[in-house]
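The structure appears right after this line, and notes come after that.
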Amino acid sequence: MITVRNHLVKNELVENIKTSKIEQKNSFFSKRELSDIHLVSEKMRVVDKDIYIVLMPQKDTLYMNQDFNNKNKFWVHYKKYEILKFTAPVGYIIKN
């Protein structure tokens, strides 16, 4: 059931990324990088720092955490469907 939810959330998020203006502070992710979300069920270890990105005009927020072992891997969370910060991420992206 969680996999189905993640696919639906990922599809909605990717569509919103493609049609939105992206506002970022202290990060430089392209729409292409943000849209290439990989769904996984592996356990994540992250660096304790959040990167926030706002999708305009709907003001949806996503935040990412850098992976502890792979500095080019970022775990993506979509605030629209998150109740607690401890909710599992949608998936991850790779920063080129």
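Residue names in the structure tokens use chain letters A, B, ... in the order shown, residue numbers from 1 in each chain, and ligand numbers from 1 in the order shown.
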
Inset, instruction - Skip A:Asn6 itself and residues of its chain fewer than 5 positions away, then list as a ChimeraX atom specification all residues within 12 Å of it, counting only C-alpha atoms. - result: /A:1,11-14,37-41,76-78,81-82,87-92

Legend entry - Nearby residues (only C-alpha atoms) at most 10 Å from A:Ser30, same-chain spacing under 3 positions excluded, as JSON, numbers by chain: {"A": [17, 22, 27, 33, 34, 35, 95, 96]}

Limited to N, CA and C atoms, could you put the picked residues into a file as a PDB file, in the first residue's frame?
ATOM      1  N   ILE A  17       6.315  19.989 -10.114  1.00  0.00           N
ATOM      2  CA  ILE A  17       7.659  20.520 -10.361  1.00  0.00           C
ATOM      3  C   ILE A  17       7.767  21.034 -11.791  1.00  0.00           C
ATOM      4  N   ILE A  22      10.269  27.481  -9.380  1.00  0.00           N
ATOM      5  CA  ILE A  22      10.928  26.918  -8.202  1.00  0.00           C
ATOM      6  C   ILE A  22      11.691  28.009  -7.463  1.00  0.00           C
ATOM      7  N   SER A  27      20.522  26.396  -2.430  1.00  0.00           N
ATOM      8  CA  SER A  27      20.594  25.139  -3.170  1.00  0.00           C
ATOM      9  C   SER A  27      20.329  25.434  -4.642  1.00  0.00           C
ATOM     10  N   GLU A  33      16.560  17.545 -12.441  1.00  0.00           N
ATOM     11  CA  GLU A  33      17.054  16.777 -11.285  1.00  0.00           C
ATOM     12  C   GLU A  33      15.923  16.505 -10.295  1.00  0.00           C
ATOM     13  N   LEU A  34      15.120  17.522 -10.018  1.00  0.00           N
ATOM     14  CA  LEU A  34      14.036  17.366  -9.050  1.00  0.00           C
ATOM     15  C   LEU A  34      12.954  16.407  -9.541  1.00  0.00           C
ATOM     16  N   SER A  35      12.789  16.317 -10.845  1.00  0.00           N
ATOM     17  CA  SER A  35      11.753  15.452 -11.419  1.00  0.00           C
ATOM     18  C   SER A  35      12.175  13.993 -11.508  1.00  0.00           C
ATOM     19  N   LYS A  95      21.998  14.445  -7.419  1.00  0.00           N
ATOM     20  CA  LYS A  95      22.484  15.751  -7.879  1.00  0.00           C
ATOM     21  C   LYS A  95      23.677  15.529  -8.777  1.00  0.00           C
ATOM     22  N   ASN A  96      23.590  16.044 -10.012  1.00  0.00           N
ATOM     23  CA  ASN A  96      24.708  15.894 -10.968  1.00  0.00           C
ATOM     24  C   ASN A  96      25.748  16.974 -10.775  1.00  0.00           C
TER      25      ASN A  96
END

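In this structure, atom CA of A:Glu15 sits 28.2 Å away from atom CA of A:Asp48.
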
Inset, instruction - Write out as a ChimeraX atom specification all residues of stretch 15-78 of chain A that backbone DSSP assigns to strand (DSSP E or B). - result: /A:21-24,38,46-56,60-67,73-78

Output N, CA and C atoms for every residue in the selection just made, as a PDB file, in the first residue's frame.
ATOM      1  N   LYS A  21       7.141  27.435 -10.848  1.00  0.00           N
ATOM      2  CA  LYS A  21       8.363  28.206 -10.692  1.00  0.00           C
ATOM      3  C   LYS A  21       8.979  27.720  -9.380  1.00  0.00           C
ATOM      4  N   ILE A  22      10.269  27.481  -9.380  1.00  0.00           N
ATOM      5  CA  ILE A  22      10.928  26.918  -8.202  1.00  0.00           C
ATOM      6  C   ILE A  22      11.691  28.009  -7.463  1.00  0.00           C
ATOM      7  N   GLU A  23      11.428  28.129  -6.177  1.00  0.00           N
ATOM      8  CA  GLU A  23      12.162  29.069  -5.331  1.00  0.00           C
ATOM      9  C   GLU A  23      13.064  28.270  -4.401  1.00  0.00           C
ATOM     10  N   GLN A  24      14.367  28.557  -4.473  1.00  0.00           N
ATOM     11  CA  GLN A  24      15.353  27.835  -3.671  1.00  0.00           C
ATOM     12  C   GLN A  24      16.263  28.834  -2.970  1.00  0.00           C
ATOM     13  N   HIS A  38      13.613   8.681  -7.584  1.00  0.00           N
ATOM     14  CA  HIS A  38      13.711   7.221  -7.550  1.00  0.00           C
ATOM     15  C   HIS A  38      12.974   6.713  -6.305  1.00  0.00           C
ATOM     16  N   VAL A  46      20.865  10.228   7.016  1.00  0.00           N
ATOM     17  CA  VAL A  46      21.012  11.547   6.406  1.00  0.00           C
ATOM     18  C   VAL A  46      21.870  12.466   7.260  1.00  0.00           C
ATOM     19  N   VAL A  47      22.397  13.492   6.591  1.00  0.00           N
ATOM     20  CA  VAL A  47      23.072  14.586   7.274  1.00  0.00           C
ATOM     21  C   VAL A  47      21.971  15.434   7.895  1.00  0.00           C
ATOM     22  N   ASP A  48      22.173  15.929   9.095  1.00  0.00           N
ATOM     23  CA  ASP A  48      21.127  16.637   9.831  1.00  0.00           C
ATOM     24  C   ASP A  48      20.986  18.089   9.364  1.00  0.00           C
ATOM     25  N   LYS A  49      20.535  18.260   8.122  1.00  0.00           N
ATOM     26  CA  LYS A  49      20.297  19.595   7.586  1.00  0.00           C
ATOM     27  C   LYS A  49      19.235  19.474   6.509  1.00  0.00           C
ATOM     28  N   ASP A  50      18.192  20.302   6.608  1.00  0.00           N
ATOM     29  CA  ASP A  50      17.115  20.268   5.635  1.00  0.00           C
ATOM     30  C   ASP A  50      17.343  21.317   4.553  1.00  0.00           C
ATOM     31  N   ILE A  51      16.998  20.974   3.322  1.00  0.00           N
ATOM     32  CA  ILE A  51      17.031  21.897   2.192  1.00  0.00           C
ATOM     33  C   ILE A  51      15.587  22.067   1.750  1.00  0.00           C
ATOM     34  N   TYR A  52      15.091  23.301   1.788  1.00  0.00           N
ATOM     35  CA  TYR A  52      13.700  23.560   1.437  1.00  0.00           C
ATOM     36  C   TYR A  52      13.588  24.160   0.051  1.00  0.00           C
ATOM     37  N   ILE A  53      12.586  23.706  -0.692  1.00  0.00           N
ATOM     38  CA  ILE A  53      12.284  24.222  -2.027  1.00  0.00           C
ATOM     39  C   ILE A  53      10.781  24.462  -2.086  1.00  0.00           C
ATOM     40  N   VAL A  54      10.386  25.646  -2.567  1.00  0.00           N
ATOM     41  CA  VAL A  54       8.971  26.001  -2.658  1.00  0.00           C
ATOM     42  C   VAL A  54       8.571  26.030  -4.124  1.00  0.00           C
ATOM     43  N   LEU A  55       7.449  25.384  -4.425  1.00  0.00           N
ATOM     44  CA  LEU A  55       6.909  25.364  -5.779  1.00  0.00           C
ATOM     45  C   LEU A  55       5.831  26.435  -5.876  1.00  0.00           C
ATOM     46  N   MET A  56       6.029  27.407  -6.749  1.00  0.00           N
ATOM     47  CA  MET A  56       5.099  28.524  -6.875  1.00  0.00           C
ATOM     48  C   MET A  56       4.240  28.326  -8.121  1.00  0.00           C
ATOM     49  N   ASP A  60       3.508  24.882  -2.571  1.00  0.00           N
ATOM     50  CA  ASP A  60       3.807  23.556  -2.022  1.00  0.00           C
ATOM     51  C   ASP A  60       5.281  23.517  -1.661  1.00  0.00           C
ATOM     52  N   THR A  61       5.590  22.881  -0.560  1.00  0.00           N
ATOM     53  CA  THR A  61       6.971  22.803  -0.106  1.00  0.00           C
ATOM     54  C   THR A  61       7.449  21.364  -0.140  1.00  0.00           C
ATOM     55  N   LEU A  62       8.678  21.203  -0.624  1.00  0.00           N
ATOM     56  CA  LEU A  62       9.327  19.920  -0.463  1.00  0.00           C
ATOM     57  C   LEU A  62      10.639  20.189   0.251  1.00  0.00           C
ATOM     58  N   TYR A  63      11.067  19.241   1.022  1.00  0.00           N
ATOM     59  CA  TYR A  63      12.373  19.385   1.649  1.00  0.00           C
ATOM     60  C   TYR A  63      13.167  18.130   1.419  1.00  0.00           C
ATOM     61  N   MET A  64      14.475  18.324   1.446  1.00  0.00           N
ATOM     62  CA  MET A  64      15.385  17.216   1.156  1.00  0.00           C
ATOM     63  C   MET A  64      16.457  17.141   2.223  1.00  0.00           C
ATOM     64  N   ASN A  65      16.943  15.933   2.418  1.00  0.00           N
ATOM     65  CA  ASN A  65      18.074  15.679   3.304  1.00  0.00           C
ATOM     66  C   ASN A  65      19.150  14.986   2.501  1.00  0.00           C
ATOM     67  N   GLN A  66      20.386  15.428   2.680  1.00  0.00           N
ATOM     68  CA  GLN A  66      21.502  14.793   1.989  1.00  0.00           C
ATOM     69  C   GLN A  66      21.817  13.453   2.646  1.00  0.00           C
ATOM     70  N   ASP A  67      22.056  12.450   1.823  1.00  0.00           N
ATOM     71  CA  ASP A  67      22.389  11.122   2.310  1.00  0.00           C
ATOM     72  C   ASP A  67      23.731  11.148   3.036  1.00  0.00           C
ATOM     73  N   LYS A  73      23.304  12.206  -3.271  1.00  0.00           N
ATOM     74  CA  LYS A  73      21.972  11.629  -3.117  1.00  0.00           C
ATOM     75  C   LYS A  73      21.193  12.446  -2.090  1.00  0.00           C
ATOM     76  N   PHE A  74      19.961  12.845  -2.464  1.00  0.00           N
ATOM     77  CA  PHE A  74      19.123  13.653  -1.580  1.00  0.00           C
ATOM     78  C   PHE A  74      17.754  13.002  -1.440  1.00  0.00           C
ATOM     79  N   TRP A  75      17.313  12.799  -0.202  1.00  0.00           N
ATOM     80  CA  TRP A  75      16.016  12.195   0.088  1.00  0.00           C
ATOM     81  C   TRP A  75      14.954  13.284   0.027  1.00  0.00           C
ATOM     82  N   VAL A  76      13.880  13.028  -0.717  1.00  0.00           N
ATOM     83  CA  VAL A  76      12.836  14.022  -0.984  1.00  0.00           C
ATOM     84  C   VAL A  76      11.597  13.742  -0.141  1.00  0.00           C
ATOM     85  N   HIS A  77      11.122  14.771   0.553  1.00  0.00           N
ATOM     86  CA  HIS A  77       9.890  14.720   1.341  1.00  0.00           C
ATOM     87  C   HIS A  77       8.937  15.777   0.785  1.00  0.00           C
ATOM     88  N   TYR A  78       7.682  15.442   0.645  1.00  0.00           N
ATOM     89  CA  TYR A  78       6.666  16.363   0.116  1.00  0.00           C
ATOM     90  C   TYR A  78       5.764  16.759   1.274  1.00  0.00           C
TER      91      TYR A  78
END

Inset, instruction - May I ask which of the residues A:Arg32, A:Lys80, A:Lys18, A:Arg45 is the closest one to A:Phe68, counting only C-alpha atoms? - result: A:Arg45

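In this model, the gap between atom CA of A:Val4 and atom CA of A:Ile83 comes to 17.8 Å.
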
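Within chain A, the backbone-based DSSP assignment of helix (DSSP H, G or I) covers Ile2, Thr3, Val4, Arg5, Asn6, His7, Leu8, Val9, Lys10, Asn11, Glu12, Leu13, Val14, Glu15, Asn16, Ile17, Lys18, Thr19, Lys31, Arg32, Glu33, Leu34, Ser35, Lys79, Lys80 and Tyr81 of chain A.
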